[in-house]
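Next comes work39.txt, with compact mmCIF, C-alpha atoms.
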# COMPACT_ATOMS: atom_id res chain seq x y z
CA MET M 1 81.60 -20.68 44.81
CA LYS M 2 83.27 -21.33 41.54
CA ARG M 3 82.67 -19.07 38.51
CA HIS M 4 82.89 -19.99 34.92
CA PRO M 5 86.35 -18.98 33.60
CA HIS M 6 84.92 -16.94 30.71
CA ALA M 7 82.33 -15.10 32.82
CA LEU M 8 84.74 -12.44 34.03
CA ALA M 9 86.66 -12.20 30.80
CA ASN M 10 83.58 -11.48 28.61
CA PRO M 11 80.48 -10.42 30.59
CA LYS M 12 78.44 -9.95 27.38
CA VAL M 13 78.38 -13.70 26.77
CA ASN M 14 75.85 -14.20 29.55
CA GLN M 15 73.73 -11.27 28.31
CA ARG M 16 73.29 -12.48 24.74
CA GLY M 17 69.59 -12.31 23.70
CA VAL M 18 68.47 -10.34 26.76
CA ALA M 19 67.65 -7.23 24.69
CA THR M 20 65.54 -9.32 22.31
CA LEU M 21 63.65 -10.85 25.22
CA GLU M 22 63.09 -7.47 26.87
CA PHE M 23 61.86 -6.00 23.58
CA ALA M 24 59.42 -8.89 23.13
CA LEU M 25 58.06 -8.47 26.65
CA VAL M 26 57.60 -4.70 26.30
CA ALA M 27 56.57 -4.50 22.63
CA LEU M 28 53.52 -6.77 22.86
CA PRO M 29 51.65 -4.71 25.49
CA PHE M 30 52.85 -1.47 23.89
CA PHE M 31 51.52 -2.34 20.43
CA LEU M 32 48.31 -3.77 21.89
CA LEU M 33 47.75 -0.49 23.73
CA LEU M 34 48.68 1.56 20.65
CA LEU M 35 46.28 -0.35 18.39
CA GLY M 36 43.57 -0.13 21.05
CA VAL M 37 43.93 3.66 21.22
CA ILE M 38 43.77 3.89 17.41
CA GLU M 39 40.64 1.69 17.29
CA PHE M 40 38.96 3.70 20.07
CA GLY M 41 39.80 6.92 18.19
CA ARG M 42 38.22 5.49 15.03
CA LEU M 43 35.10 4.56 17.00
CA MET M 44 34.80 8.15 18.28
CA TYR M 45 35.46 9.49 14.77
CA LEU M 46 32.67 7.29 13.39
CA TRP M 47 30.25 8.29 16.16
CA ASN M 48 30.86 12.02 15.61
CA THR M 49 30.90 11.80 11.83
CA VAL M 50 27.56 9.98 11.71
CA GLN M 51 26.06 12.95 13.56
CA GLU M 52 27.58 15.38 11.06
CA VAL M 53 26.38 13.29 8.09
CA THR M 54 22.76 13.49 9.30
CA ARG M 55 22.97 17.24 9.95
CA SER M 56 24.51 17.90 6.55
CA ALA M 57 22.01 15.72 4.69
CA ALA M 58 19.06 17.31 6.52
CA ARG M 59 20.27 20.85 5.75
CA GLN M 60 20.51 19.95 2.07
CA ALA M 61 17.28 17.92 1.91
CA VAL M 62 15.04 20.77 3.07
CA VAL M 63 15.98 22.78 -0.03
CA THR M 64 16.36 19.95 -2.58
CA ASP M 65 13.64 18.84 -4.99
CA PHE M 66 12.38 15.55 -3.59
CA THR M 67 11.21 14.35 -7.03
CA ASN M 68 14.68 14.66 -8.57
CA THR M 69 16.27 11.27 -7.79
CA THR M 70 19.63 12.36 -9.18
CA ALA M 71 19.70 15.35 -6.83
CA ILE M 72 18.73 13.16 -3.86
CA THR M 73 21.47 10.65 -4.73
CA GLN M 74 24.03 13.46 -4.99
CA LEU M 75 22.79 14.86 -1.68
CA LYS M 76 23.41 11.51 0.05
CA GLN M 77 26.87 11.19 -1.51
CA SER M 78 27.74 14.75 -0.55
CA ALA M 79 26.64 14.08 3.03
CA ILE M 80 29.26 11.32 3.34
CA PHE M 81 31.91 13.59 1.81
CA ARG M 82 32.01 11.89 -1.59
CA SER M 83 31.20 12.87 -5.17
CA ASN M 84 30.18 9.33 -6.13
CA ALA M 85 28.74 6.19 -4.56
CA GLY M 86 30.85 4.69 -1.82
CA THR M 87 31.61 4.72 1.87
CA LEU M 88 32.64 7.32 4.38
CA PRO M 89 36.44 7.84 4.43
CA ALA M 90 38.05 5.64 7.15
CA ALA M 91 34.65 4.17 8.06
CA SER M 92 33.35 1.53 5.70
CA GLU M 93 30.33 1.05 7.96
CA VAL M 94 28.62 4.19 6.61
CA SER M 95 27.73 4.62 2.94
CA ASP M 96 25.30 6.68 0.90
CA VAL M 97 22.91 3.71 1.19
CA THR M 98 22.74 4.10 4.99
CA VAL M 99 21.53 7.72 4.68
CA ASN M 100 17.70 7.58 4.76
CA ILE M 101 15.48 10.57 4.00
CA THR M 102 11.82 10.59 5.07
CA TYR M 103 9.28 13.33 4.40
CA LEU M 104 6.87 13.83 7.31
CA GLN M 105 3.43 15.34 7.86
CA SER M 106 2.69 18.16 10.29
CA ASP M 107 2.72 15.84 13.33
CA GLY M 108 6.43 15.18 12.66
CA LEU M 109 5.96 11.42 12.96
CA THR M 110 3.83 10.19 10.05
CA ALA M 111 5.34 9.75 6.60
CA VAL M 112 3.68 11.73 3.81
CA ALA M 113 1.40 9.54 1.69
CA PRO M 114 0.70 10.05 -1.12
CA MET M 115 3.72 12.20 -1.96
CA PRO M 116 3.07 15.48 -3.81
CA THR M 117 3.98 15.39 -7.50
CA ASP M 118 6.47 18.27 -7.21
CA PRO M 119 7.49 21.11 -4.83
CA GLY M 120 4.74 23.37 -6.21
CA ASP M 121 2.14 20.65 -5.57
CA ASN M 122 3.47 20.41 -2.00
CA ILE M 123 2.63 24.08 -1.46
CA SER M 124 -0.89 23.43 -2.81
CA ALA M 125 -1.28 20.37 -0.56
CA CYS M 126 -0.20 22.36 2.48
CA LEU M 127 -2.79 25.06 1.71
CA ASP M 128 -5.61 22.54 1.10
CA ILE M 129 -7.04 21.02 4.30
CA THR M 130 -8.38 18.01 2.35
CA ARG M 131 -4.84 17.12 1.19
CA ALA M 132 -3.11 17.48 4.57
CA SER M 133 -1.70 13.93 4.36
CA SER M 134 0.21 14.98 1.19
CA CYS M 135 1.80 18.05 2.79
CA ILE M 136 5.51 17.82 3.58
CA LYS M 137 6.11 19.82 6.77
CA TYR M 138 9.28 18.13 8.03
CA VAL M 139 12.26 16.33 6.56
CA GLN M 140 13.85 13.58 8.64
CA VAL M 141 17.27 12.14 7.91
CA GLN M 142 18.63 9.05 9.62
CA VAL M 143 21.86 7.12 9.30
CA CYS M 144 20.89 3.54 9.95
CA THR M 145 20.71 0.07 8.48
CA GLY M 146 17.69 -2.08 7.73
CA SER M 147 14.01 -1.47 8.12
CA PRO M 148 13.08 -0.53 10.77
CA CYS M 149 16.18 1.57 11.29
CA ASN M 150 18.87 -0.09 13.38
CA GLY M 151 22.19 1.36 14.47
CA VAL M 152 25.23 1.00 12.27
CA PRO M 153 27.37 -1.97 13.43
CA PHE M 154 30.98 -1.07 14.22
CA GLN M 155 33.60 -3.11 12.34
CA PRO M 156 37.03 -3.10 14.00
CA MET M 157 40.02 -2.70 11.68
CA VAL M 158 42.28 -4.92 13.79
CA GLY M 159 41.38 -8.57 14.32
CA LEU M 160 42.61 -8.44 17.94
CA PHE M 161 39.55 -6.35 18.78
CA ALA M 162 36.94 -8.60 17.18
CA TYR M 163 34.86 -8.40 20.38
CA LEU M 164 34.16 -4.75 19.49
CA ASP M 165 31.98 -5.87 16.57
CA ALA M 166 29.18 -6.17 19.11
CA LEU M 167 29.20 -2.35 19.36
CA THR M 168 26.58 -0.45 17.42
CA ILE M 169 26.64 3.24 16.57
CA PRO M 170 23.18 4.48 17.63
CA VAL M 171 20.70 5.64 15.00
CA SER M 172 21.37 9.28 14.27
CA THR M 173 18.22 11.27 13.49
CA VAL M 174 17.81 14.91 12.47
CA ARG M 175 14.34 16.36 11.80
CA MET M 176 14.07 19.83 10.24
CA PRO M 177 11.13 21.92 9.02
CA ALA M 178 10.73 21.75 5.25
CA GLU M 179 11.83 24.88 3.42
CA SER M 180 11.60 25.33 -0.35
CA LEU M 181 12.09 21.64 -1.21
CA GLY M 182 13.52 22.86 -4.49
CA PHE M 183 10.56 25.07 -5.46
CA THR M 184 11.36 27.72 -8.05
CA PRO M 185 8.55 30.15 -9.01
Just dump the structure as structure tokens.
Amino acid sequence: MKRHPHALANPKVNQRGVATLEFALVALPFFLLLLGVIEFGRLMYLWNTVQEVTRSAARQAVVTDFTNTTAITQLKQSAIFRSNAGTLPAASEVSDVTVNITYLQSDGLTAVAPMPTDPGDNISACLDITRASSCIKYVQVQVCTGSPCNGVPFQPMVGLFAYLDALTIPVSTVRMPAESLGFTP
């Protein structure tokens, strides 16, 4: 068995490029795993935050004047942690447009129609049996897209996980009893 004459004199010659090859073999799965963990964490963040957005919007909506469109717009923006129109931080899937507020009758399922003219008129409608369909008893807030409400589609940040765009964050719904609805005596 004959060895190359330089093999014993300089053993690093045969090892040239091995570290680069080892790094390439280890780095690809490592970064794929790292990006996958980050994307999964963002999915969980979005899922949890959508729940908090609906709770926050519902808490505010039960005491906000439903006839004041500026107040309702600010309520939706505040629910997604913004002071102006836009999207939820780190989750472009959710915006103030995806926050839907519905005012419901006493059965908790039927939308109020016709709407009372103001919070004081709502009190009158609730006390008048002939105007029961105009009485707001519950406020329902949903984070969804389209009509009827559909879940919010998840949009992966990394192109490697494009198959995750088939995931949908379920419709988040919070229904609370109406309180003052902005009534001031």
query = From the list M:Thr145, M:Pro29, M:Asn100, M:Asp107, which residue is nearest M:Leu75 when using all atoms listed in the file?
reply = M:Asn100
Can you list every residue of stretch 124-174 of chain M that has an atom at most 8 Å from stretch 49-62 of chain M, with its nearest atom pair and the distance in Å to one decimal, using all atoms listed in the file, ordered by chain then number, as a Markdown table?
| residue | atom | partner | partner_atom | distance |
| --- | --- | --- | --- | --- |
| M:Val139 | CA | M:Val62 | CA | 6.3 |
| M:Gln140 | CA | M:Ala58 | CA | 6.7 |
| M:Val141 | CA | M:Ala58 | CA | 5.6 |
| M:Gln142 | CA | M:Thr54 | CA | 6.1 |
| M:Val143 | CA | M:Thr54 | CA | 6.4 |
| M:Ser172 | CA | M:Gln51 | CA | 6.0 |
| M:Thr173 | CA | M:Thr54 | CA | 6.6 |
| M:Val174 | CA | M:Thr54 | CA | 6.0 |
key: Residue with smallest distance to M:Asn48 - pool M:Asp96, M:Pro153, M:Leu33, M:Ala91, counting only C-alpha atoms   = M:Ala91
inquiry  = as a ChimeraX atom specification, please: the residues near M:Pro114 (cut-off 9 Å, only C-alpha atoms, same-chain neighbours under 5 positions excluded).
reply    = /M:133-135
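Counting from atom CA of M:Thr184, the distance to atom CA of M:Val63 is 10.5 Å.
Atom CA of M:Val94 is positioned 10.9 Å from atom CA of M:Gln77.
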Could I get stretch 114-136 of chain M from the block written as a tab-separated table (two decimals), in the first residue's frame, with N, CA and C atoms?
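Result file out25.tsv:
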chain	number	residue	atom	x	y	z
M	114	PRO	N	-85.20	47.15	13.18
M	114	PRO	CA	-84.29	48.25	12.90
M	114	PRO	C	-83.51	48.64	14.17
M	115	MET	N	-82.34	49.24	13.94
M	115	MET	CA	-81.50	49.67	15.05
M	115	MET	C	-82.14	50.86	15.75
M	116	PRO	N	-82.00	50.97	17.07
M	116	PRO	CA	-82.48	52.15	17.78
M	116	PRO	C	-81.71	53.39	17.30
M	117	THR	N	-82.30	54.55	17.45
M	117	THR	CA	-81.64	55.77	16.95
M	117	THR	C	-80.46	56.20	17.82
M	118	ASP	N	-80.50	55.86	19.12
M	118	ASP	CA	-79.42	56.21	20.03
M	118	ASP	C	-79.52	55.33	21.27
M	119	PRO	N	-78.54	55.39	22.19
M	119	PRO	CA	-78.60	54.55	23.39
M	119	PRO	C	-79.86	54.79	24.24
M	120	GLY	N	-80.35	56.02	24.30
M	120	GLY	CA	-81.58	56.29	25.05
M	120	GLY	C	-82.78	55.62	24.41
M	121	ASP	N	-82.83	55.64	23.07
M	121	ASP	CA	-83.91	54.97	22.34
M	121	ASP	C	-83.83	53.46	22.54
M	122	ASN	N	-82.62	52.92	22.74
M	122	ASN	CA	-82.49	51.48	23.00
M	122	ASN	C	-83.16	51.13	24.32
M	123	ILE	N	-83.00	51.98	25.33
M	123	ILE	CA	-83.65	51.73	26.62
M	123	ILE	C	-85.16	51.73	26.44
M	124	SER	N	-85.68	52.69	25.67
M	124	SER	CA	-87.12	52.76	25.39
M	124	SER	C	-87.60	51.52	24.65
M	125	ALA	N	-86.81	51.06	23.65
M	125	ALA	CA	-87.19	49.88	22.88
M	125	ALA	C	-87.20	48.63	23.76
M	126	CYS	N	-86.28	48.55	24.71
M	126	CYS	CA	-86.23	47.39	25.59
M	126	CYS	C	-87.40	47.38	26.58
M	127	LEU	N	-87.93	48.55	26.88
M	127	LEU	CA	-89.06	48.63	27.82
M	127	LEU	C	-90.41	48.53	27.11
M	128	ASP	N	-90.43	48.60	25.78
M	128	ASP	CA	-91.66	48.56	25.00
M	128	ASP	C	-91.76	47.21	24.28
M	129	ILE	N	-92.73	46.40	24.67
M	129	ILE	CA	-92.88	45.06	24.10
M	129	ILE	C	-93.11	45.09	22.60
M	130	THR	N	-93.71	46.16	22.08
M	130	THR	CA	-93.98	46.24	20.64
M	130	THR	C	-92.72	46.56	19.84
M	131	ARG	N	-91.65	46.99	20.50
M	131	ARG	CA	-90.40	47.32	19.82
M	131	ARG	C	-89.27	46.36	20.21
M	132	ALA	N	-89.64	45.15	20.58
M	132	ALA	CA	-88.64	44.17	21.05
M	132	ALA	C	-87.57	43.88	20.00
M	133	SER	N	-87.91	43.96	18.72
M	133	SER	CA	-86.91	43.67	17.68
M	133	SER	C	-85.88	44.78	17.55
M	134	SER	N	-86.14	45.94	18.19
M	134	SER	CA	-85.18	47.06	18.16
M	134	SER	C	-84.40	47.18	19.46
M	135	CYS	N	-84.52	46.20	20.33
M	135	CYS	CA	-83.84	46.24	21.63
M	135	CYS	C	-82.52	45.48	21.56
M	136	ILE	N	-81.44	46.19	21.86
M	136	ILE	CA	-80.11	45.55	21.89
M	136	ILE	C	-79.91	44.95	23.28
